[in-house]
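Participant: Pasting protein39.txt here (compact mmCIF, C-alpha atoms and all ligand atoms):
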```txt
# COMPACT_ATOMS: atom_id res chain seq x y z
CA MET A 1 11.52 46.54 44.69
CA VAL A 2 10.53 44.70 47.86
CA ASP A 3 13.01 43.31 50.39
CA GLN A 4 11.36 40.03 51.24
CA VAL A 5 9.24 37.92 48.94
CA ASP A 6 6.90 35.46 50.62
CA LEU A 7 6.91 32.31 48.48
CA ARG A 8 4.77 30.21 50.83
CA VAL A 9 1.67 28.50 49.47
CA SER A 10 -1.04 26.41 51.13
CA LEU A 11 -2.43 23.20 49.76
CA GLY A 12 -5.33 22.87 52.14
CA ASP A 13 -3.77 22.19 55.55
CA ILE A 14 -0.33 21.61 54.06
CA LYS A 15 1.97 24.61 54.00
CA LEU A 16 4.76 24.65 51.43
CA LYS A 17 7.74 26.98 51.90
CA ASN A 18 7.72 27.62 48.16
CA PRO A 19 5.64 26.42 45.19
CA VAL A 20 8.23 24.15 43.53
CA MET A 21 8.02 20.36 43.87
CA SER A 22 9.79 17.56 42.09
CA ALA A 23 7.54 15.58 39.70
CA SER A 24 7.06 11.90 40.42
CA GLY A 25 9.48 9.54 38.69
CA THR A 26 12.00 12.23 37.81
CA PHE A 27 13.63 12.76 41.20
CA GLY A 28 13.87 9.18 42.44
CA TYR A 29 13.34 9.06 46.18
CA GLY A 30 15.35 12.26 46.68
CA GLN A 31 18.61 10.57 47.65
CA GLU A 32 19.59 10.17 43.98
CA TYR A 33 19.93 13.99 43.86
CA GLU A 34 21.77 14.23 47.17
CA ASN A 35 24.85 15.86 45.61
CA PHE A 36 22.80 18.57 43.95
CA VAL A 37 19.66 19.40 45.93
CA ASP A 38 18.82 19.60 49.63
CA PRO A 39 15.33 18.06 49.53
CA ALA A 40 14.19 20.37 52.34
CA ALA A 41 14.76 23.36 50.03
CA LEU A 42 11.84 22.27 47.85
CA GLY A 43 8.18 23.03 48.44
CA ALA A 44 7.77 19.26 48.46
CA VAL A 45 9.43 16.14 47.13
CA VAL A 46 7.02 13.94 45.18
CA THR A 47 8.48 10.47 45.20
CA LYS A 48 8.58 7.91 42.43
CA GLY A 49 5.26 6.13 41.95
CA VAL A 50 4.92 3.24 44.38
CA SER A 51 2.81 0.10 44.00
CA LEU A 52 1.83 -2.57 46.51
CA ASN A 53 4.48 -5.02 45.27
CA PRO A 54 7.84 -4.19 43.68
CA ARG A 55 7.73 -3.80 39.88
CA PRO A 56 10.70 -4.48 37.58
CA GLY A 57 9.47 -2.07 34.89
CA ASN A 58 9.90 -2.48 31.15
CA PRO A 59 13.00 -3.82 29.37
CA PRO A 60 15.41 -1.26 27.83
CA PRO A 61 15.54 0.94 25.83
CA ARG A 62 13.12 2.84 28.05
CA ILE A 63 13.92 6.47 27.21
CA VAL A 64 14.31 8.27 23.90
CA GLU A 65 14.98 11.93 23.16
CA THR A 66 12.63 13.77 20.80
CA PRO A 67 12.55 17.35 19.54
CA ALA A 68 11.85 19.46 22.62
CA GLY A 69 11.19 16.50 24.86
CA MET A 70 11.63 12.85 25.70
CA ILE A 71 9.51 9.72 25.67
CA ASN A 72 9.80 7.29 28.56
CA ALA A 73 8.47 3.79 29.02
CA ILE A 74 9.93 3.01 32.43
CA GLY A 75 6.91 0.85 33.15
CA LEU A 76 6.45 2.19 36.69
CA GLU A 77 9.48 0.35 38.07
CA ASN A 78 9.60 0.76 41.83
CA VAL A 79 10.65 -0.89 45.09
CA GLY A 80 7.12 -1.58 46.38
CA VAL A 81 5.43 0.05 49.36
CA GLU A 82 7.14 -1.92 52.15
CA SER A 83 10.65 -1.06 50.95
CA PHE A 84 9.51 2.52 50.26
CA ILE A 85 8.45 2.96 53.89
CA ARG A 86 11.45 1.11 55.33
CA ASP A 87 14.31 2.18 53.05
CA LYS A 88 13.33 5.39 51.27
CA LEU A 89 11.05 7.56 53.41
CA PRO A 90 13.34 7.85 56.46
CA TRP A 91 16.14 9.47 54.45
CA LEU A 92 13.80 12.23 53.26
CA ALA A 93 12.13 12.62 56.67
CA GLU A 94 15.50 12.97 58.45
CA ARG A 95 16.37 15.86 56.16
CA GLY A 96 13.14 17.68 56.92
CA ALA A 97 11.69 17.35 53.44
CA LEU A 98 7.94 17.64 52.96
CA VAL A 99 7.16 14.34 51.26
CA VAL A 100 4.29 13.51 48.92
CA ALA A 101 4.02 9.81 48.03
CA ASN A 102 2.81 9.11 44.51
CA ILE A 103 0.83 5.86 44.28
CA LEU A 104 -0.23 3.66 41.38
CA GLY A 105 -2.40 0.59 41.10
CA GLU A 106 -4.02 -1.79 38.70
CA SER A 107 -7.30 -1.92 40.62
CA VAL A 108 -9.28 0.31 42.97
CA GLU A 109 -8.46 -2.20 45.72
CA GLU A 110 -4.71 -1.78 45.15
CA TYR A 111 -4.96 2.02 45.44
CA GLU A 112 -7.00 1.61 48.61
CA ALA A 113 -4.54 -0.85 50.16
CA LEU A 114 -1.64 1.47 49.37
CA ALA A 115 -3.36 4.42 51.01
CA ARG A 116 -4.12 2.35 54.11
CA ARG A 117 -0.50 1.22 54.37
CA LEU A 118 0.92 4.71 53.85
CA ASP A 119 -1.48 6.23 56.36
CA GLN A 120 0.73 5.10 59.22
CA ALA A 121 4.05 5.86 57.52
CA PRO A 122 6.08 8.38 59.51
CA GLY A 123 7.26 11.45 57.63
CA LEU A 124 4.60 11.59 54.95
CA ALA A 125 2.58 14.79 54.35
CA MET A 126 0.32 13.89 51.45
CA ILE A 127 -0.58 11.22 48.89
CA GLU A 128 -0.66 11.89 45.15
CA VAL A 129 -2.82 9.41 43.24
CA ASN A 130 -1.60 8.71 39.72
CA VAL A 131 -4.80 7.82 37.87
CA SER A 132 -3.05 7.54 34.49
CA CYS A 133 -2.42 3.82 35.04
CA PRO A 134 -4.36 1.33 32.95
CA ASN A 135 -7.41 -0.08 34.72
CA VAL A 136 -6.99 -3.79 34.06
CA ALA A 137 -10.64 -4.54 34.88
CA ALA A 138 -11.75 -1.94 32.31
CA GLY A 139 -9.62 -3.24 29.46
CA GLY A 140 -6.66 -0.99 30.13
CA LEU A 141 -8.39 2.39 29.95
CA ALA A 142 -6.77 4.87 32.36
CA PHE A 143 -8.58 5.27 35.71
CA GLY A 144 -8.54 9.01 35.19
CA ALA A 145 -10.02 8.88 31.71
CA ASP A 146 -13.60 9.20 32.90
CA PRO A 147 -15.18 11.05 35.83
CA ALA A 148 -16.93 8.04 37.41
CA THR A 149 -13.78 5.89 37.68
CA ALA A 150 -11.67 8.83 38.84
CA ALA A 151 -14.25 9.41 41.58
CA ARG A 152 -14.24 5.75 42.61
CA VAL A 153 -10.46 5.61 42.99
CA THR A 154 -10.37 8.95 44.79
CA SER A 155 -13.04 8.09 47.35
CA ALA A 156 -11.47 4.67 48.05
CA VAL A 157 -8.12 6.37 48.77
CA VAL A 158 -9.67 9.21 50.78
CA ARG A 159 -11.54 6.74 52.99
CA ALA A 160 -8.39 4.73 53.63
CA THR A 161 -6.18 7.52 55.00
CA ARG A 162 -6.16 10.64 57.14
CA LEU A 163 -3.52 12.16 54.88
CA PRO A 164 -4.69 14.78 52.38
CA VAL A 165 -5.06 13.37 48.88
CA MET A 166 -4.04 15.01 45.61
CA VAL A 167 -5.23 13.43 42.35
CA LYS A 168 -2.91 13.60 39.33
CA LEU A 169 -4.77 13.66 36.03
CA PRO A 170 -3.82 12.36 32.60
CA PRO A 171 -3.93 14.77 29.64
CA LEU A 172 -6.04 12.65 27.28
CA VAL A 173 -9.57 13.14 28.56
CA SER A 174 -12.53 14.51 26.69
CA ASP A 175 -13.36 17.04 29.41
CA VAL A 176 -10.68 17.60 32.02
CA THR A 177 -12.93 19.80 34.13
CA ALA A 178 -15.49 16.98 34.56
CA VAL A 179 -12.78 14.56 35.75
CA ALA A 180 -11.26 17.16 38.06
CA ARG A 181 -14.65 18.04 39.59
CA ALA A 182 -15.47 14.37 40.09
CA ALA A 183 -12.17 13.87 41.95
CA VAL A 184 -12.81 16.94 44.12
CA ASP A 185 -16.37 15.86 44.90
CA ALA A 186 -14.92 12.49 45.95
CA GLY A 187 -12.60 14.20 48.45
CA ALA A 188 -9.45 15.28 46.58
CA ARG A 189 -7.85 18.26 48.36
CA ALA A 190 -5.75 19.21 45.32
CA ILE A 191 -5.49 18.36 41.63
CA SER A 192 -2.19 17.99 39.81
CA LEU A 193 -1.80 17.80 36.04
CA ILE A 194 -0.57 16.76 33.54
CA ASN A 195 1.01 13.34 33.35
CA THR A 196 2.90 12.44 30.16
CA ILE A 197 1.16 12.28 26.75
CA PRO A 198 1.14 8.84 25.06
CA ALA A 199 3.63 8.93 22.16
CA MET A 200 6.06 6.86 20.06
CA ALA A 201 9.29 7.18 18.07
CA LEU A 202 10.61 4.98 15.23
CA ASP A 203 13.94 4.20 13.59
CA ILE A 204 13.57 3.88 9.80
CA GLU A 205 16.97 2.16 9.41
CA THR A 206 16.08 -0.75 11.65
CA ARG A 207 12.32 -0.38 11.04
CA ARG A 208 11.88 -0.79 14.77
CA PRO A 209 10.35 1.30 17.52
CA ARG A 210 12.93 3.20 19.55
CA LEU A 211 11.40 1.95 22.83
CA ALA A 212 11.18 -1.74 23.69
CA ASN A 213 7.62 -1.05 24.84
CA THR A 214 6.89 0.69 21.49
CA ILE A 215 4.73 3.32 23.21
CA GLY A 216 5.79 5.67 26.00
CA GLY A 217 4.92 9.00 27.58
CA LEU A 218 6.05 12.33 26.14
CA SER A 219 7.31 14.98 28.55
CA GLY A 220 9.37 18.18 28.45
CA PRO A 221 8.94 21.53 26.64
CA ALA A 222 6.97 19.86 23.81
CA ILE A 223 3.99 19.33 26.13
CA LYS A 224 4.01 22.70 27.91
CA PRO A 225 1.36 24.48 25.82
CA VAL A 226 -0.99 21.50 26.16
CA ALA A 227 -0.42 21.37 29.91
CA LEU A 228 -0.89 25.11 30.33
CA ARG A 229 -4.30 24.99 28.64
CA LEU A 230 -5.45 22.05 30.78
CA VAL A 231 -4.21 23.69 34.00
CA TRP A 232 -5.92 26.99 33.17
CA GLN A 233 -9.24 25.24 32.47
CA THR A 234 -8.98 23.11 35.59
CA ALA A 235 -8.07 26.01 37.88
CA ARG A 236 -11.22 27.85 36.74
CA ALA A 237 -13.38 24.75 37.34
CA VAL A 238 -12.43 23.64 40.86
CA SER A 239 -12.13 25.35 44.21
CA VAL A 240 -9.13 23.31 45.47
CA PRO A 241 -5.49 24.16 44.64
CA VAL A 242 -4.25 23.04 41.23
CA ILE A 243 -0.63 22.01 40.69
CA GLY A 244 0.75 22.66 37.21
CA ILE A 245 3.04 20.10 35.56
CA GLY A 246 4.40 19.76 32.05
CA GLY A 247 7.53 21.08 30.42
CA ILE A 248 8.48 23.49 33.18
CA MET A 249 12.17 24.10 32.47
CA ASN A 250 12.73 27.48 34.13
CA ALA A 251 11.17 30.16 36.33
CA VAL A 252 9.36 31.79 33.41
CA ASP A 253 7.55 28.53 32.65
CA ALA A 254 6.63 28.11 36.32
CA LEU A 255 5.36 31.71 36.50
CA GLU A 256 3.19 31.11 33.42
CA PHE A 257 1.49 28.13 35.08
CA MET A 258 0.87 30.12 38.25
CA LEU A 259 -0.46 33.09 36.27
CA ALA A 260 -2.88 30.61 34.67
CA GLY A 261 -4.10 29.65 38.15
CA ALA A 262 -1.76 26.95 39.45
CA SER A 263 -1.01 27.32 43.17
CA ALA A 264 2.23 25.38 42.77
CA VAL A 265 4.19 23.49 40.13
CA GLN A 266 6.08 20.23 39.67
CA VAL A 267 9.31 19.99 37.71
CA GLY A 268 10.15 16.74 35.91
CA THR A 269 12.21 16.46 32.71
CA ALA A 270 14.14 19.66 33.55
CA SER A 271 15.91 17.79 36.38
CA PHE A 272 17.42 15.40 33.80
CA VAL A 273 18.90 18.34 31.90
CA ASN A 274 20.01 20.28 34.98
CA PRO A 275 19.89 18.43 38.31
CA ARG A 276 19.68 21.77 40.13
CA ALA A 277 16.76 23.00 37.99
CA VAL A 278 14.31 22.99 40.91
CA LEU A 279 16.59 25.33 42.90
CA ASP A 280 17.17 27.64 39.92
CA ILE A 281 13.41 27.85 39.42
CA ILE A 282 12.75 28.79 43.06
CA ALA A 283 15.43 31.51 42.88
CA GLY A 284 14.11 32.76 39.53
CA ILE A 285 10.55 33.07 40.81
CA GLU A 286 11.73 35.08 43.79
CA THR A 287 13.84 37.41 41.64
CA PHE A 288 10.95 38.02 39.24
CA LEU A 289 8.42 38.78 41.98
CA ARG A 290 10.85 41.14 43.67
CA ARG A 291 11.44 42.98 40.40
CA GLN A 292 7.68 43.24 39.93
CA GLY A 293 7.38 44.76 43.41
CA LEU A 294 5.19 41.87 44.59
CA ALA A 295 5.61 40.90 48.24
CA ASP A 296 4.06 37.47 47.91
CA LEU A 297 3.14 34.74 45.48
CA LYS A 298 -0.57 35.15 46.20
CA SER A 299 -0.43 38.43 44.28
CA TRP A 300 0.63 36.49 41.19
CA ILE A 301 -1.38 33.25 41.22
CA GLY A 302 -4.32 33.36 38.80
CA ARG A 303 -3.85 37.06 37.96
CA LEU A 304 -4.09 36.49 34.22
CA GLU A 305 -5.41 39.50 32.31
CA THR A 306 -7.61 39.11 29.23
CA LEU A 307 -6.46 40.43 25.86
C1 LIG A 401 11.20 9.05 33.50
C2 LIG A 401 9.86 9.48 33.98
C3 LIG A 401 9.19 8.72 34.95
C4 LIG A 401 7.94 9.11 35.43
N1 LIG A 401 7.31 8.37 36.39
C5 LIG A 401 6.11 8.79 36.90
C6 LIG A 401 5.48 8.08 37.98
O1 LIG A 401 6.00 7.09 38.49
N2 LIG A 401 4.26 8.54 38.42
C7 LIG A 401 3.66 9.67 37.88
O2 LIG A 401 2.57 10.05 38.33
N3 LIG A 401 4.26 10.36 36.89
C8 LIG A 401 5.46 9.95 36.39
N4 LIG A 401 6.07 10.68 35.40
C9 LIG A 401 5.41 11.90 34.87
C10 LIG A 401 5.98 13.18 35.51
O3 LIG A 401 5.80 13.19 36.90
C11 LIG A 401 5.33 14.43 34.87
O4 LIG A 401 3.94 14.39 35.08
C12 LIG A 401 5.60 14.53 33.36
O5 LIG A 401 6.91 14.09 33.04
C13 LIG A 401 5.40 15.95 32.82
O6 LIG A 401 6.29 16.86 33.43
P1 LIG A 401 7.70 17.31 32.76
O7 LIG A 401 7.39 17.74 31.35
O8 LIG A 401 8.19 18.41 33.63
O9 LIG A 401 8.59 16.13 32.79
C14 LIG A 401 7.33 10.29 34.90
C15 LIG A 401 8.01 11.05 33.93
C16 LIG A 401 9.26 10.67 33.47
C17 LIG A 401 9.94 11.53 32.43
```
Can you turn what I pasted into structure tokens?
Ligand SMILES: Cc1cc2nc3c(=O)[nH]c(=O)nc-3n(C[C@H](O)[C@H](O)[C@H](O)COP(=O)(O)O)c2cc1C
Facilitator:
Amino acid sequence: MVDQVDLRVSLGDIKLKNPVMSASGTFGYGQEYENFVDPAALGAVVTKGVSLNPRPGNPPPRIVETPAGMINAIGLENVGVESFIRDKLPWLAERGALVVANILGESVEEYEALARRLDQAPGLAMIEVNVSCPNVAAGGLAFGADPATAARVTSAVVRATRLPVMVKLPPLVSDVTAVARAAVDAGARAISLINTIPAMALDIETRRPRLANTIGGLSGPAIKPVALRLVWQTARAVSVPVIGIGGIMNAVDALEFMLAGASAVQVGTASFVNPRAVLDIIAGIETFLRRQGLADLKSWIGRLETL
């Protein structure tokens, strides 16, 4: 047993007090969880994806439960970047939270404009670029689906801001390592993955889709094994920190991702089941490392043994 466990991790120049962040779109802008979680207790708060202009999102129903997961088709509803900076960021900054702003766009120019606007926003530590959005100019294919487009978005964002940039990858790519390397070569200081997996659910009584948008994104425990494989491959392929996301419901899940090479994790769907999940996961990681006699998280990250 050790007395003190050092949970700090570095993402480039950014120092996190622990490796647990909220996942974008599942923790609002932090204030929604005010009665449950002090945002400063997290490694970082990743805010809901923000676009240049406000977006109303899709009509309801927008969420459906599935075995071991949920499918959402929120449609990237958000308040837009001006309201984000004016009405949302200050609350988090006043509480001392380390804030990562997740951005989304329909064109490379929109991503670039968002990064330029956020560059001057007080209280922001990092930008996370969601490249799972459909690229309208390319017929709706996700920006992150191929290395060249991922690189173009990344370098446009990197050039537009002094803030460190993390690129968040979609799961449906033919070679995740090629996309991750392209993003890193274009200036990404960290890679996070995975976003949700495109999915659908039907009702045979009504013969209708369960989501108004028909298709949504699957998240939760159902996607964890897929995410773990992609994170493991990516962590071996790039030299920057990798952040594991996908079905992390408890400390054991988080520890698996870090054993596979993730420097930190993001927790999404779990917060809908238990609004204090992020705090339970931080405490669980600490307890486990102490029991293992490990004084710090560095002694755990990427220490996967072969069979
Ligand atoms: C309701 C909901 C909204 C989401 N909104 C966003 C978003 O705005 N931007 C983004 O990059 N990811 C978004 N995501 C994806 C999550 O951040 C995360 O990548 C995914 O849910 C997998 O993690 P989980 O299984 O822990 O939920 C959303 C997920 C859910 C469930």
Participant: Return as a list in words every polymer residue, whether protein, DNA or RNA, with at least one atom no more than 6 Å from an atom of ligand LIG 401 (chain A); count all atoms listed in the file.
Facilitator: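 Result of the 6 Å neighbour search around ligand LIG 401 (chain A): Ala23, Ser24, Gly25, Thr26, Lys48, Gly49, Asn72, Leu76, Asn130, Ile194, Asn195, Thr196, Ser219, Gly220, Ile245, Gly246, Gly247, Ile248, Val267, Gly268 and Thr269 of chain A.
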Participant: Smallest atom-to-atom distance to A:Ser10: which of A:Leu230, A:Val176, A:Ala44, A:Leu259, using only C-alpha atoms?
Facilitator: A:Ala44
Participant: Env of stretch 90-98 of chain A: 9 Å cut, atoms = only C-alpha atoms, seq-sep filter 6 positions within chain, self excluded. Answer as a list in words.
Facilitator: Leu16, Tyr29, Gly30, Gln31, Asp38, Pro39, Ala40, Ala41, Leu42, Gly43, Ala44, Val45, Val46, Pro122, Gly123, Leu124, Ala125 and Met126 of chain A
Participant: Skip A:Gly139 itself and residues of its chain fewer than 5 positions away, then list as a ChimeraX atom specification all residues within 12 Å of it, counting only C-alpha atoms.
Facilitator: /A:106-107,133-134
Participant: In terms of the shortest atom-to-atom distance over all atoms listed in the file, which of A:Leu11, A:Ala295, A:Thr234, A:Leu279 is closest to A:Pro164?
Facilitator: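 Comparing A:Leu11, A:Ala295, A:Thr234, A:Leu279 against A:Pro164, the winner is A:Leu11.
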Participant: Taking all atoms listed in the file into account, name the residue in A:Leu172, A:Ile74, A:Asn18, A:Ile127 that is nearest to A:Val5.
Facilitator: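 With all atoms listed in the file as the atom set, the closest residue is A:Asn18.
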Participant: What is the distance, in Å and to one decimal place, between atom CA of A:Val252 and atom CA of A:Ile191?
Facilitator: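 We find that atom CA of A:Val252 and atom CA of A:Ile191 lie 21.6 Å from each other.
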Participant: Once all heavy atoms are restored for stretch 262-273 of chain A, what would the output be as a tab-separated table (two decimals), in the frame of the given file?
Facilitator:
```
chain	number	residue	atom	x	y	z
A	262	ALA	N	-2.36	28.01	38.63
A	262	ALA	CA	-1.76	26.95	39.45
A	262	ALA	C	-1.24	27.54	40.76
A	262	ALA	O	-0.61	28.60	40.76
A	262	ALA	CB	-0.61	26.28	38.71
A	263	SER	N	-1.52	26.86	41.87
A	263	SER	CA	-1.01	27.32	43.17
A	263	SER	C	0.44	26.91	43.37
A	263	SER	O	1.15	27.48	44.21
A	263	SER	CB	-1.83	26.71	44.31
A	263	SER	OG	-3.15	27.16	44.25
A	264	ALA	N	0.86	25.88	42.67
A	264	ALA	CA	2.23	25.38	42.77
A	264	ALA	C	2.55	24.63	41.48
A	264	ALA	O	1.66	24.47	40.63
A	264	ALA	CB	2.36	24.46	43.99
A	265	VAL	N	3.80	24.20	41.35
A	265	VAL	CA	4.19	23.49	40.13
A	265	VAL	C	5.04	22.28	40.49
A	265	VAL	O	5.59	22.19	41.60
A	265	VAL	CB	5.01	24.39	39.17
A	265	VAL	CG1	4.17	25.54	38.64
A	265	VAL	CG2	6.29	24.90	39.83
A	266	GLN	N	5.13	21.35	39.55
A	266	GLN	CA	6.08	20.23	39.67
A	266	GLN	C	7.01	20.27	38.46
A	266	GLN	O	6.58	20.56	37.35
A	266	GLN	CB	5.34	18.90	39.73
A	266	GLN	CG	4.52	18.72	40.99
A	266	GLN	CD	3.81	17.37	41.05
A	266	GLN	OE1	4.06	16.48	40.25
A	266	GLN	NE2	2.91	17.23	42.00
A	267	VAL	N	8.27	19.94	38.74
A	267	VAL	CA	9.31	19.99	37.71
A	267	VAL	C	9.82	18.58	37.47
A	267	VAL	O	10.26	17.91	38.41
A	267	VAL	CB	10.46	20.91	38.19
A	267	VAL	CG1	11.62	20.90	37.21
A	267	VAL	CG2	9.93	22.33	38.41
A	268	GLY	N	9.76	18.11	36.23
A	268	GLY	CA	10.15	16.74	35.91
A	268	GLY	C	11.37	16.67	35.02
A	268	GLY	O	12.52	16.69	35.49
A	269	THR	N	11.14	16.65	33.71
A	269	THR	CA	12.21	16.46	32.71
A	269	THR	C	13.36	17.44	32.91
A	269	THR	O	14.52	17.09	32.67
A	269	THR	CB	11.59	16.61	31.30
A	269	THR	OG1	10.58	15.59	31.16
A	269	THR	CG2	12.63	16.44	30.21
A	270	ALA	N	13.08	18.65	33.36
A	270	ALA	CA	14.14	19.66	33.55
A	270	ALA	C	15.25	19.14	34.47
A	270	ALA	O	16.42	19.48	34.29
A	270	ALA	CB	13.55	20.94	34.13
A	271	SER	N	14.89	18.29	35.44
A	271	SER	CA	15.91	17.79	36.38
A	271	SER	C	16.89	16.84	35.69
A	271	SER	O	18.00	16.64	36.19
A	271	SER	CB	15.24	17.07	37.56
A	271	SER	OG	14.53	17.99	38.35
A	272	PHE	N	16.48	16.25	34.56
A	272	PHE	CA	17.42	15.40	33.80
A	272	PHE	C	18.43	16.25	33.03
A	272	PHE	O	19.54	15.82	32.77
A	272	PHE	CB	16.66	14.51	32.81
A	272	PHE	CG	15.77	13.47	33.47
A	272	PHE	CD1	14.56	13.13	32.90
A	272	PHE	CD2	16.16	12.83	34.64
A	272	PHE	CE1	13.73	12.17	33.49
A	272	PHE	CE2	15.34	11.87	35.23
A	272	PHE	CZ	14.13	11.54	34.65
A	273	VAL	N	18.02	17.44	32.65
A	273	VAL	CA	18.90	18.34	31.90
A	273	VAL	C	19.83	19.07	32.87
A	273	VAL	O	21.03	19.22	32.62
A	273	VAL	CB	18.05	19.38	31.12
A	273	VAL	CG1	18.93	20.30	30.29
A	273	VAL	CG2	17.01	18.68	30.25
```
